[in-house]
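A quick write-up on the structure given underneath.
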Amino acid sequence: MGWIGALTDTGYALAFFSLQLFLLWLYFSVKKRRLTDITVDYLGLGDILLLVSIAFYLSPLNYILFYTGSLILVLIYACIIQQIESVQDKHIPLAGLQAAFMIILLFCGFIFPQMKLYEDLWLQAVLAHLYI
């Protein structure tokens with residue numbers, strides 16, 4: 001793929017993530033009726049840095065799937081924990097849980113070498129098998 005392809009893929013993933021951050025900032029700014037710094041109360045700097053760093057490894061489609069899937073899994077985790085315990089602290093360890101999910105994906109990539117998270121070809125092969 002080469003450096004140009006890798007940087008292009010990273011650019012697409014970072015553009016997707018930047019759009020997400022902008023929409024999140026816009027939502028909270030409109031909701032509070034003033035410009036809001038989302039890293040103060042809503043999203044930690046570690047969360048942002050983790051997702052930026054993962055963009056350098058995953059292909060754009062894998063990044064979008066990871067981002068969406070990990071947020072869904074973190075939401076399910078938070079709902080389960082809230083039901084089990086009466087938690088006063090409403091903070092969710094987003095970066096930690098997403099990092100754990102990434103470790104699981106990397107381990108799966110080690111077990112199944114055809115699952116190359118840095119390219120989309122393995123996803124296309126999986127989807128082709130599902131529709132045949």
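The chains in the structure tokens are called A, B, ... from first to last as shown; in each chain the residues are counted from 1, and the ligands are counted from 1 in the order shown.
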
With a distance cut-off of 12 Å and only C-alpha atoms, select the neighbouring residues of Ser53 (chain A), excluding the residue or stretch itself and same-chain residues fewer than 3 positions from it, and output the selection as a PyMOL selection string.
-> chain A and resi 10-11+13-14+17+46-50+56-58+63+95+99+102

Need to verify the contact set: Ile104 (chain A), 12 Å, only C-alpha atoms, exclusion of same-chain residues closer than 6 positions in sequence. Can you return it as a PDB file with all heavy atoms, in the first residue's frame?
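The result, stored in around_1.pdb:
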```
ATOM      1  N   PHE A  66     -14.872   0.069  14.198  1.00  0.00           N
ATOM      2  CA  PHE A  66     -14.342   0.035  15.560  1.00  0.00           C
ATOM      3  C   PHE A  66     -14.965   1.136  16.407  1.00  0.00           C
ATOM      4  O   PHE A  66     -15.399   0.899  17.537  1.00  0.00           O
ATOM      5  CB  PHE A  66     -12.815   0.193  15.558  1.00  0.00           C
ATOM      6  CG  PHE A  66     -12.250   0.427  16.926  1.00  0.00           C
ATOM      7  CD1 PHE A  66     -12.050  -0.632  17.793  1.00  0.00           C
ATOM      8  CD2 PHE A  66     -11.951   1.704  17.368  1.00  0.00           C
ATOM      9  CE1 PHE A  66     -11.558  -0.420  19.074  1.00  0.00           C
ATOM     10  CE2 PHE A  66     -11.455   1.929  18.632  1.00  0.00           C
ATOM     11  CZ  PHE A  66     -11.259   0.867  19.489  1.00  0.00           C
ATOM     12  N   SER A  70     -17.313   0.030  19.325  1.00  0.00           N
ATOM     13  CA  SER A  70     -16.798   0.234  20.681  1.00  0.00           C
ATOM     14  C   SER A  70     -17.706   1.179  21.466  1.00  0.00           C
ATOM     15  O   SER A  70     -17.906   0.980  22.669  1.00  0.00           O
ATOM     16  CB  SER A  70     -15.369   0.763  20.652  1.00  0.00           C
ATOM     17  OG  SER A  70     -15.301   2.051  20.085  1.00  0.00           O
ATOM     18  N   LEU A  97     -11.954   1.311  28.082  1.00  0.00           N
ATOM     19  CA  LEU A  97     -12.790   0.255  27.499  1.00  0.00           C
ATOM     20  C   LEU A  97     -12.534   0.104  26.005  1.00  0.00           C
ATOM     21  O   LEU A  97     -12.495  -1.017  25.485  1.00  0.00           O
ATOM     22  CB  LEU A  97     -14.265   0.548  27.776  1.00  0.00           C
ATOM     23  CG  LEU A  97     -14.668   0.476  29.253  1.00  0.00           C
ATOM     24  CD1 LEU A  97     -16.088   0.989  29.451  1.00  0.00           C
ATOM     25  CD2 LEU A  97     -14.532  -0.938  29.777  1.00  0.00           C
ATOM     26  N   GLN A  98     -12.335   1.223  25.308  1.00  0.00           N
ATOM     27  CA  GLN A  98     -12.023   1.128  23.884  1.00  0.00           C
ATOM     28  C   GLN A  98     -10.645   0.500  23.672  1.00  0.00           C
ATOM     29  O   GLN A  98     -10.449  -0.265  22.723  1.00  0.00           O
ATOM     30  CB  GLN A  98     -12.087   2.507  23.225  1.00  0.00           C
ATOM     31  CG  GLN A  98     -13.511   2.980  23.031  1.00  0.00           C
ATOM     32  CD  GLN A  98     -13.590   4.344  22.390  1.00  0.00           C
ATOM     33  OE1 GLN A  98     -12.809   5.239  22.698  1.00  0.00           O
ATOM     34  NE2 GLN A  98     -14.533   4.497  21.478  1.00  0.00           N
ATOM     35  N   PHE A 110      -4.153 -11.648  15.501  1.00  0.00           N
ATOM     36  CA  PHE A 110      -3.019 -12.554  15.677  1.00  0.00           C
ATOM     37  C   PHE A 110      -3.450 -13.999  15.460  1.00  0.00           C
ATOM     38  O   PHE A 110      -2.743 -14.786  14.837  1.00  0.00           O
ATOM     39  CB  PHE A 110      -2.421 -12.367  17.079  1.00  0.00           C
ATOM     40  CG  PHE A 110      -1.251 -13.246  17.366  1.00  0.00           C
ATOM     41  CD1 PHE A 110      -0.017 -12.990  16.787  1.00  0.00           C
ATOM     42  CD2 PHE A 110      -1.371 -14.329  18.223  1.00  0.00           C
ATOM     43  CE1 PHE A 110       1.066 -13.798  17.048  1.00  0.00           C
ATOM     44  CE2 PHE A 110      -0.298 -15.144  18.488  1.00  0.00           C
ATOM     45  CZ  PHE A 110       0.928 -14.880  17.898  1.00  0.00           C
ATOM     46  N   ILE A 111      -4.626 -14.357  15.970  1.00  0.00           N
ATOM     47  CA  ILE A 111      -5.151 -15.721  15.826  1.00  0.00           C
ATOM     48  C   ILE A 111      -5.561 -15.999  14.377  1.00  0.00           C
ATOM     49  O   ILE A 111      -5.326 -17.081  13.855  1.00  0.00           O
ATOM     50  CB  ILE A 111      -6.367 -15.933  16.764  1.00  0.00           C
ATOM     51  CG1 ILE A 111      -5.969 -15.727  18.215  1.00  0.00           C
ATOM     52  CG2 ILE A 111      -7.009 -17.288  16.556  1.00  0.00           C
ATOM     53  CD1 ILE A 111      -5.105 -16.805  18.801  1.00  0.00           C
TER      54      ILE A 111
END
```

Taking only C-alpha atoms into account, which of A:Leu35, A:Leu45, A:Val52, A:Leu94 comes nearest Ser18 (chain A)?
->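 Using only C-alpha atoms, Ser18 (chain A) sits closest to A:Val52.
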
Nearest residue to Leu105 (chain A) from the set A:Asp37, A:Ile81, A:Gly69, A:Leu26 (distances using only C-alpha atoms) = A:Gly69

Point out the residue among A:Leu21, A:Ile54, A:Ala128, A:Gln82 with the least atom-to-atom distance to Leu106 (chain A), counting only C-alpha atoms.
->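 Between A:Leu21, A:Ile54, A:Ala128, A:Gln82, the residue approaching Leu106 (chain A) most closely is A:Ile54.
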
Which is closest to Leu61 (chain A) among A:Lys90, A:His129, A:Lys116, A:Arg34, if we use only C-alpha atoms?
->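 So, comparing all the options, the nearest one is A:Lys116.
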
DSSP on the backbone: what in region 25-84 of chain A comes out alpha helix (DSSP H), as a PDB file with N, CA, C and O atoms, in the first residue's frame?
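Once everything was written out, this is selection.pdb:
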```pdb
ATOM      1  N   TRP A  25     -19.381  18.850  19.611  1.00  0.00           N
ATOM      2  CA  TRP A  25     -19.184  20.211  20.099  1.00  0.00           C
ATOM      3  C   TRP A  25     -20.376  21.087  19.740  1.00  0.00           C
ATOM      4  O   TRP A  25     -20.868  21.849  20.573  1.00  0.00           O
ATOM      5  N   LEU A  26     -20.863  20.968  18.517  1.00  0.00           N
ATOM      6  CA  LEU A  26     -21.998  21.766  18.064  1.00  0.00           C
ATOM      7  C   LEU A  26     -23.250  21.439  18.874  1.00  0.00           C
ATOM      8  O   LEU A  26     -23.971  22.334  19.317  1.00  0.00           O
ATOM      9  N   TYR A  27     -23.492  20.156  19.121  1.00  0.00           N
ATOM     10  CA  TYR A  27     -24.654  19.734  19.897  1.00  0.00           C
ATOM     11  C   TYR A  27     -24.632  20.342  21.301  1.00  0.00           C
ATOM     12  O   TYR A  27     -25.618  20.941  21.748  1.00  0.00           O
ATOM     13  N   PHE A  28     -23.511  20.209  22.000  1.00  0.00           N
ATOM     14  CA  PHE A  28     -23.439  20.723  23.363  1.00  0.00           C
ATOM     15  C   PHE A  28     -23.414  22.242  23.400  1.00  0.00           C
ATOM     16  O   PHE A  28     -23.927  22.849  24.353  1.00  0.00           O
ATOM     17  N   SER A  29     -22.841  22.882  22.402  1.00  0.00           N
ATOM     18  CA  SER A  29     -22.846  24.344  22.347  1.00  0.00           C
ATOM     19  C   SER A  29     -24.260  24.875  22.128  1.00  0.00           C
ATOM     20  O   SER A  29     -24.660  25.858  22.752  1.00  0.00           O
ATOM     21  N   VAL A  30     -25.017  24.235  21.258  1.00  0.00           N
ATOM     22  CA  VAL A  30     -26.414  24.647  21.025  1.00  0.00           C
ATOM     23  C   VAL A  30     -27.255  24.342  22.260  1.00  0.00           C
ATOM     24  O   VAL A  30     -28.082  25.160  22.685  1.00  0.00           O
ATOM     25  N   LYS A  31     -27.038  23.187  22.851  1.00  0.00           N
ATOM     26  CA  LYS A  31     -27.808  22.796  24.033  1.00  0.00           C
ATOM     27  C   LYS A  31     -27.582  23.764  25.198  1.00  0.00           C
ATOM     28  O   LYS A  31     -28.531  24.146  25.889  1.00  0.00           O
ATOM     29  N   LYS A  32     -26.340  24.179  25.401  1.00  0.00           N
ATOM     30  CA  LYS A  32     -26.032  25.079  26.515  1.00  0.00           C
ATOM     31  C   LYS A  32     -26.147  26.557  26.126  1.00  0.00           C
ATOM     32  O   LYS A  32     -25.966  27.427  26.968  1.00  0.00           O
ATOM     33  N   ILE A  38     -15.815  20.609  25.041  1.00  0.00           N
ATOM     34  CA  ILE A  38     -16.298  19.257  25.347  1.00  0.00           C
ATOM     35  C   ILE A  38     -15.290  18.432  26.125  1.00  0.00           C
ATOM     36  O   ILE A  38     -15.654  17.422  26.721  1.00  0.00           O
ATOM     37  N   THR A  39     -14.019  18.869  26.158  1.00  0.00           N
ATOM     38  CA  THR A  39     -13.020  18.101  26.920  1.00  0.00           C
ATOM     39  C   THR A  39     -13.076  18.400  28.410  1.00  0.00           C
ATOM     40  O   THR A  39     -12.386  17.749  29.190  1.00  0.00           O
ATOM     41  N   VAL A  40     -13.888  19.369  28.818  1.00  0.00           N
ATOM     42  CA  VAL A  40     -13.967  19.705  30.235  1.00  0.00           C
ATOM     43  C   VAL A  40     -14.884  18.733  30.972  1.00  0.00           C
ATOM     44  O   VAL A  40     -14.503  18.129  31.968  1.00  0.00           O
ATOM     45  N   ASP A  41     -16.115  18.563  30.496  1.00  0.00           N
ATOM     46  CA  ASP A  41     -17.084  17.744  31.225  1.00  0.00           C
ATOM     47  C   ASP A  41     -17.536  16.481  30.495  1.00  0.00           C
ATOM     48  O   ASP A  41     -18.098  15.589  31.114  1.00  0.00           O
ATOM     49  N   LEU A  45      -9.363  14.155  27.294  1.00  0.00           N
ATOM     50  CA  LEU A  45      -8.310  14.281  26.299  1.00  0.00           C
ATOM     51  C   LEU A  45      -7.733  12.909  25.947  1.00  0.00           C
ATOM     52  O   LEU A  45      -7.361  12.657  24.800  1.00  0.00           O
ATOM     53  N   GLY A  46      -7.690  12.010  26.910  1.00  0.00           N
ATOM     54  CA  GLY A  46      -7.211  10.649  26.656  1.00  0.00           C
ATOM     55  C   GLY A  46      -8.101   9.908  25.670  1.00  0.00           C
ATOM     56  O   GLY A  46      -7.611   9.126  24.841  1.00  0.00           O
ATOM     57  N   ASP A  47      -9.412  10.137  25.755  1.00  0.00           N
ATOM     58  CA  ASP A  47     -10.343   9.522  24.803  1.00  0.00           C
ATOM     59  C   ASP A  47     -10.019   9.970  23.385  1.00  0.00           C
ATOM     60  O   ASP A  47      -9.975   9.157  22.453  1.00  0.00           O
ATOM     61  N   ILE A  48      -9.787  11.259  23.223  1.00  0.00           N
ATOM     62  CA  ILE A  48      -9.494  11.818  21.902  1.00  0.00           C
ATOM     63  C   ILE A  48      -8.149  11.301  21.393  1.00  0.00           C
ATOM     64  O   ILE A  48      -8.031  10.859  20.240  1.00  0.00           O
ATOM     65  N   LEU A  49      -7.140  11.307  22.257  1.00  0.00           N
ATOM     66  CA  LEU A  49      -5.810  10.862  21.839  1.00  0.00           C
ATOM     67  C   LEU A  49      -5.799   9.380  21.463  1.00  0.00           C
ATOM     68  O   LEU A  49      -5.112   8.977  20.515  1.00  0.00           O
ATOM     69  N   LEU A  50      -6.547   8.565  22.187  1.00  0.00           N
ATOM     70  CA  LEU A  50      -6.615   7.143  21.842  1.00  0.00           C
ATOM     71  C   LEU A  50      -7.226   6.965  20.458  1.00  0.00           C
ATOM     72  O   LEU A  50      -6.690   6.219  19.628  1.00  0.00           O
ATOM     73  N   LEU A  51      -8.330   7.636  20.194  1.00  0.00           N
ATOM     74  CA  LEU A  51      -8.996   7.476  18.903  1.00  0.00           C
ATOM     75  C   LEU A  51      -8.167   8.050  17.757  1.00  0.00           C
ATOM     76  O   LEU A  51      -8.195   7.517  16.647  1.00  0.00           O
ATOM     77  N   VAL A  52      -7.412   9.101  18.018  1.00  0.00           N
ATOM     78  CA  VAL A  52      -6.511   9.630  16.992  1.00  0.00           C
ATOM     79  C   VAL A  52      -5.395   8.626  16.714  1.00  0.00           C
ATOM     80  O   VAL A  52      -5.059   8.355  15.553  1.00  0.00           O
ATOM     81  N   SER A  53      -4.818   8.048  17.752  1.00  0.00           N
ATOM     82  CA  SER A  53      -3.719   7.103  17.551  1.00  0.00           C
ATOM     83  C   SER A  53      -4.182   5.830  16.848  1.00  0.00           C
ATOM     84  O   SER A  53      -3.455   5.278  16.012  1.00  0.00           O
ATOM     85  N   ILE A  54      -5.381   5.375  17.137  1.00  0.00           N
ATOM     86  CA  ILE A  54      -5.902   4.176  16.482  1.00  0.00           C
ATOM     87  C   ILE A  54      -6.153   4.438  15.001  1.00  0.00           C
ATOM     88  O   ILE A  54      -6.046   3.525  14.174  1.00  0.00           O
ATOM     89  N   ALA A  55      -6.435   5.683  14.638  1.00  0.00           N
ATOM     90  CA  ALA A  55      -6.659   6.030  13.224  1.00  0.00           C
ATOM     91  C   ALA A  55      -5.419   5.763  12.376  1.00  0.00           C
ATOM     92  O   ALA A  55      -5.531   5.531  11.172  1.00  0.00           O
ATOM     93  N   PRO A  60      -9.854   3.011   7.013  1.00  0.00           N
ATOM     94  CA  PRO A  60     -11.021   3.864   7.285  1.00  0.00           C
ATOM     95  C   PRO A  60     -12.290   3.084   7.631  1.00  0.00           C
ATOM     96  O   PRO A  60     -12.977   3.426   8.600  1.00  0.00           O
ATOM     97  N   LEU A  61     -12.602   2.046   6.886  1.00  0.00           N
ATOM     98  CA  LEU A  61     -13.805   1.270   7.187  1.00  0.00           C
ATOM     99  C   LEU A  61     -13.678   0.550   8.525  1.00  0.00           C
ATOM    100  O   LEU A  61     -14.615   0.528   9.327  1.00  0.00           O
ATOM    101  N   ASN A  62     -12.518  -0.031   8.782  1.00  0.00           N
ATOM    102  CA  ASN A  62     -12.289  -0.681  10.078  1.00  0.00           C
ATOM    103  C   ASN A  62     -12.365   0.330  11.218  1.00  0.00           C
ATOM    104  O   ASN A  62     -12.847   0.018  12.301  1.00  0.00           O
ATOM    105  N   TYR A  63     -11.881   1.547  10.977  1.00  0.00           N
ATOM    106  CA  TYR A  63     -11.935   2.591  12.000  1.00  0.00           C
ATOM    107  C   TYR A  63     -13.381   2.956  12.324  1.00  0.00           C
ATOM    108  O   TYR A  63     -13.755   3.067  13.495  1.00  0.00           O
ATOM    109  N   ILE A  64     -14.187   3.139  11.296  1.00  0.00           N
ATOM    110  CA  ILE A  64     -15.594   3.477  11.514  1.00  0.00           C
ATOM    111  C   ILE A  64     -16.309   2.347  12.246  1.00  0.00           C
ATOM    112  O   ILE A  64     -17.075   2.590  13.181  1.00  0.00           O
ATOM    113  N   LEU A  65     -16.035   1.106  11.846  1.00  0.00           N
ATOM    114  CA  LEU A  65     -16.650  -0.036  12.535  1.00  0.00           C
ATOM    115  C   LEU A  65     -16.172  -0.139  13.981  1.00  0.00           C
ATOM    116  O   LEU A  65     -16.963  -0.414  14.888  1.00  0.00           O
ATOM    117  N   PHE A  66     -14.872   0.069  14.198  1.00  0.00           N
ATOM    118  CA  PHE A  66     -14.342   0.035  15.560  1.00  0.00           C
ATOM    119  C   PHE A  66     -14.965   1.136  16.407  1.00  0.00           C
ATOM    120  O   PHE A  66     -15.399   0.899  17.537  1.00  0.00           O
ATOM    121  N   TYR A  67     -14.989   2.342  15.867  1.00  0.00           N
ATOM    122  CA  TYR A  67     -15.523   3.497  16.593  1.00  0.00           C
ATOM    123  C   TYR A  67     -16.981   3.259  16.974  1.00  0.00           C
ATOM    124  O   TYR A  67     -17.358   3.408  18.145  1.00  0.00           O
ATOM    125  N   THR A  68     -17.783   2.870  16.015  1.00  0.00           N
ATOM    126  CA  THR A  68     -19.204   2.636  16.265  1.00  0.00           C
ATOM    127  C   THR A  68     -19.412   1.450  17.208  1.00  0.00           C
ATOM    128  O   THR A  68     -20.165   1.549  18.178  1.00  0.00           O
ATOM    129  N   GLY A  69     -18.756   0.345  16.905  1.00  0.00           N
ATOM    130  CA  GLY A  69     -18.914  -0.855  17.734  1.00  0.00           C
ATOM    131  C   GLY A  69     -18.443  -0.654  19.158  1.00  0.00           C
ATOM    132  O   GLY A  69     -19.097  -1.097  20.113  1.00  0.00           O
ATOM    133  N   SER A  70     -17.313   0.030  19.325  1.00  0.00           N
ATOM    134  CA  SER A  70     -16.798   0.234  20.681  1.00  0.00           C
ATOM    135  C   SER A  70     -17.706   1.179  21.466  1.00  0.00           C
ATOM    136  O   SER A  70     -17.906   0.980  22.669  1.00  0.00           O
ATOM    137  N   LEU A  71     -18.269   2.186  20.820  1.00  0.00           N
ATOM    138  CA  LEU A  71     -19.196   3.073  21.526  1.00  0.00           C
ATOM    139  C   LEU A  71     -20.458   2.327  21.954  1.00  0.00           C
ATOM    140  O   LEU A  71     -20.982   2.550  23.052  1.00  0.00           O
ATOM    141  N   ILE A  72     -20.941   1.436  21.105  1.00  0.00           N
ATOM    142  CA  ILE A  72     -22.121   0.633  21.464  1.00  0.00           C
ATOM    143  C   ILE A  72     -21.794  -0.284  22.637  1.00  0.00           C
ATOM    144  O   ILE A  72     -22.576  -0.394  23.593  1.00  0.00           O
ATOM    145  N   LEU A  73     -20.629  -0.934  22.589  1.00  0.00           N
ATOM    146  CA  LEU A  73     -20.238  -1.822  23.689  1.00  0.00           C
ATOM    147  C   LEU A  73     -20.037  -1.049  24.996  1.00  0.00           C
ATOM    148  O   LEU A  73     -20.428  -1.524  26.066  1.00  0.00           O
ATOM    149  N   VAL A  74     -19.456   0.139  24.921  1.00  0.00           N
ATOM    150  CA  VAL A  74     -19.262   0.962  26.119  1.00  0.00           C
ATOM    151  C   VAL A  74     -20.615   1.407  26.670  1.00  0.00           C
ATOM    152  O   VAL A  74     -20.825   1.422  27.893  1.00  0.00           O
ATOM    153  N   LEU A  75     -21.536   1.743  25.799  1.00  0.00           N
ATOM    154  CA  LEU A  75     -22.883   2.122  26.242  1.00  0.00           C
ATOM    155  C   LEU A  75     -23.588   0.962  26.937  1.00  0.00           C
ATOM    156  O   LEU A  75     -24.198   1.144  27.998  1.00  0.00           O
ATOM    157  N   ILE A  76     -23.484  -0.224  26.369  1.00  0.00           N
ATOM    158  CA  ILE A  76     -24.071  -1.407  27.008  1.00  0.00           C
ATOM    159  C   ILE A  76     -23.425  -1.654  28.375  1.00  0.00           C
ATOM    160  O   ILE A  76     -24.119  -1.910  29.368  1.00  0.00           O
ATOM    161  N   TYR A  77     -22.094  -1.558  28.433  1.00  0.00           N
ATOM    162  CA  TYR A  77     -21.377  -1.721  29.695  1.00  0.00           C
ATOM    163  C   TYR A  77     -21.861  -0.709  30.732  1.00  0.00           C
ATOM    164  O   TYR A  77     -22.133  -1.071  31.885  1.00  0.00           O
ATOM    165  N   ALA A  78     -21.976   0.559  30.331  1.00  0.00           N
ATOM    166  CA  ALA A  78     -22.386   1.610  31.262  1.00  0.00           C
ATOM    167  C   ALA A  78     -23.807   1.366  31.769  1.00  0.00           C
ATOM    168  O   ALA A  78     -24.091   1.562  32.958  1.00  0.00           O
ATOM    169  N   CYS A  79     -24.694   0.916  30.897  1.00  0.00           N
ATOM    170  CA  CYS A  79     -26.075   0.630  31.314  1.00  0.00           C
ATOM    171  C   CYS A  79     -26.125  -0.537  32.297  1.00  0.00           C
ATOM    172  O   CYS A  79     -26.863  -0.494  33.279  1.00  0.00           O
ATOM    173  N   ILE A  80     -25.324  -1.571  32.025  1.00  0.00           N
ATOM    174  CA  ILE A  80     -25.300  -2.733  32.921  1.00  0.00           C
ATOM    175  C   ILE A  80     -24.733  -2.343  34.284  1.00  0.00           C
ATOM    176  O   ILE A  80     -25.298  -2.695  35.326  1.00  0.00           O
ATOM    177  N   ILE A  81     -23.626  -1.605  34.295  1.00  0.00           N
ATOM    178  CA  ILE A  81     -23.017  -1.181  35.557  1.00  0.00           C
ATOM    179  C   ILE A  81     -23.965  -0.296  36.346  1.00  0.00           C
ATOM    180  O   ILE A  81     -24.074  -0.402  37.571  1.00  0.00           O
ATOM    181  N   GLN A  82     -24.676   0.583  35.650  1.00  0.00           N
ATOM    182  CA  GLN A  82     -25.618   1.469  36.338  1.00  0.00           C
ATOM    183  C   GLN A  82     -26.766   0.674  36.957  1.00  0.00           C
ATOM    184  O   GLN A  82     -27.258   1.029  38.028  1.00  0.00           O
ATOM    185  N   GLN A  83     -27.185  -0.405  36.325  1.00  0.00           N
ATOM    186  CA  GLN A  83     -28.248  -1.229  36.883  1.00  0.00           C
ATOM    187  C   GLN A  83     -27.765  -2.070  38.063  1.00  0.00           C
ATOM    188  O   GLN A  83     -28.513  -2.292  39.014  1.00  0.00           O
ATOM    189  N   ILE A  84     -26.522  -2.534  37.985  1.00  0.00           N
ATOM    190  CA  ILE A  84     -25.982  -3.383  39.052  1.00  0.00           C
ATOM    191  C   ILE A  84     -25.643  -2.567  40.291  1.00  0.00           C
ATOM    192  O   ILE A  84     -25.964  -2.952  41.408  1.00  0.00           O
TER     193      ILE A  84
END
```

Report the distance between CA of Ile103 (chain A) and CA of Met115 (chain A) in Å, rounded to one decimal place.
->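 Computed distance, CA of Ile103 (chain A) to CA of Met115 (chain A), equals 14.0 Å.
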
Selection: 7 Å around Ser59 (chain A), only C-alpha atoms, excl. self and same-chain fewer than 4 positions, as an NGL selection string | :A and (9 or 63 or 117-120)

Prev. selection, C-alpha atoms, output as an mmCIF file, in the first residue's frame:
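Saved as result-v6.cif:
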```
data_model
loop_
_atom_site.group_PDB
_atom_site.id
_atom_site.type_symbol
_atom_site.label_atom_id
_atom_site.label_comp_id
_atom_site.auth_asym_id
_atom_site.auth_seq_id
_atom_site.Cartn_x
_atom_site.Cartn_y
_atom_site.Cartn_z
ATOM 1 C CA ASP A 9 -6.355 6.146 4.938
ATOM 2 C CA TYR A 63 -11.935 2.591 12.000
ATOM 3 C CA LEU A 117 -7.231 -4.483 10.430
ATOM 4 C CA TYR A 118 -5.109 -2.075 8.390
ATOM 5 C CA GLU A 119 -6.911 -2.936 5.139
ATOM 6 C CA ASP A 120 -10.524 -3.459 4.091
#
```
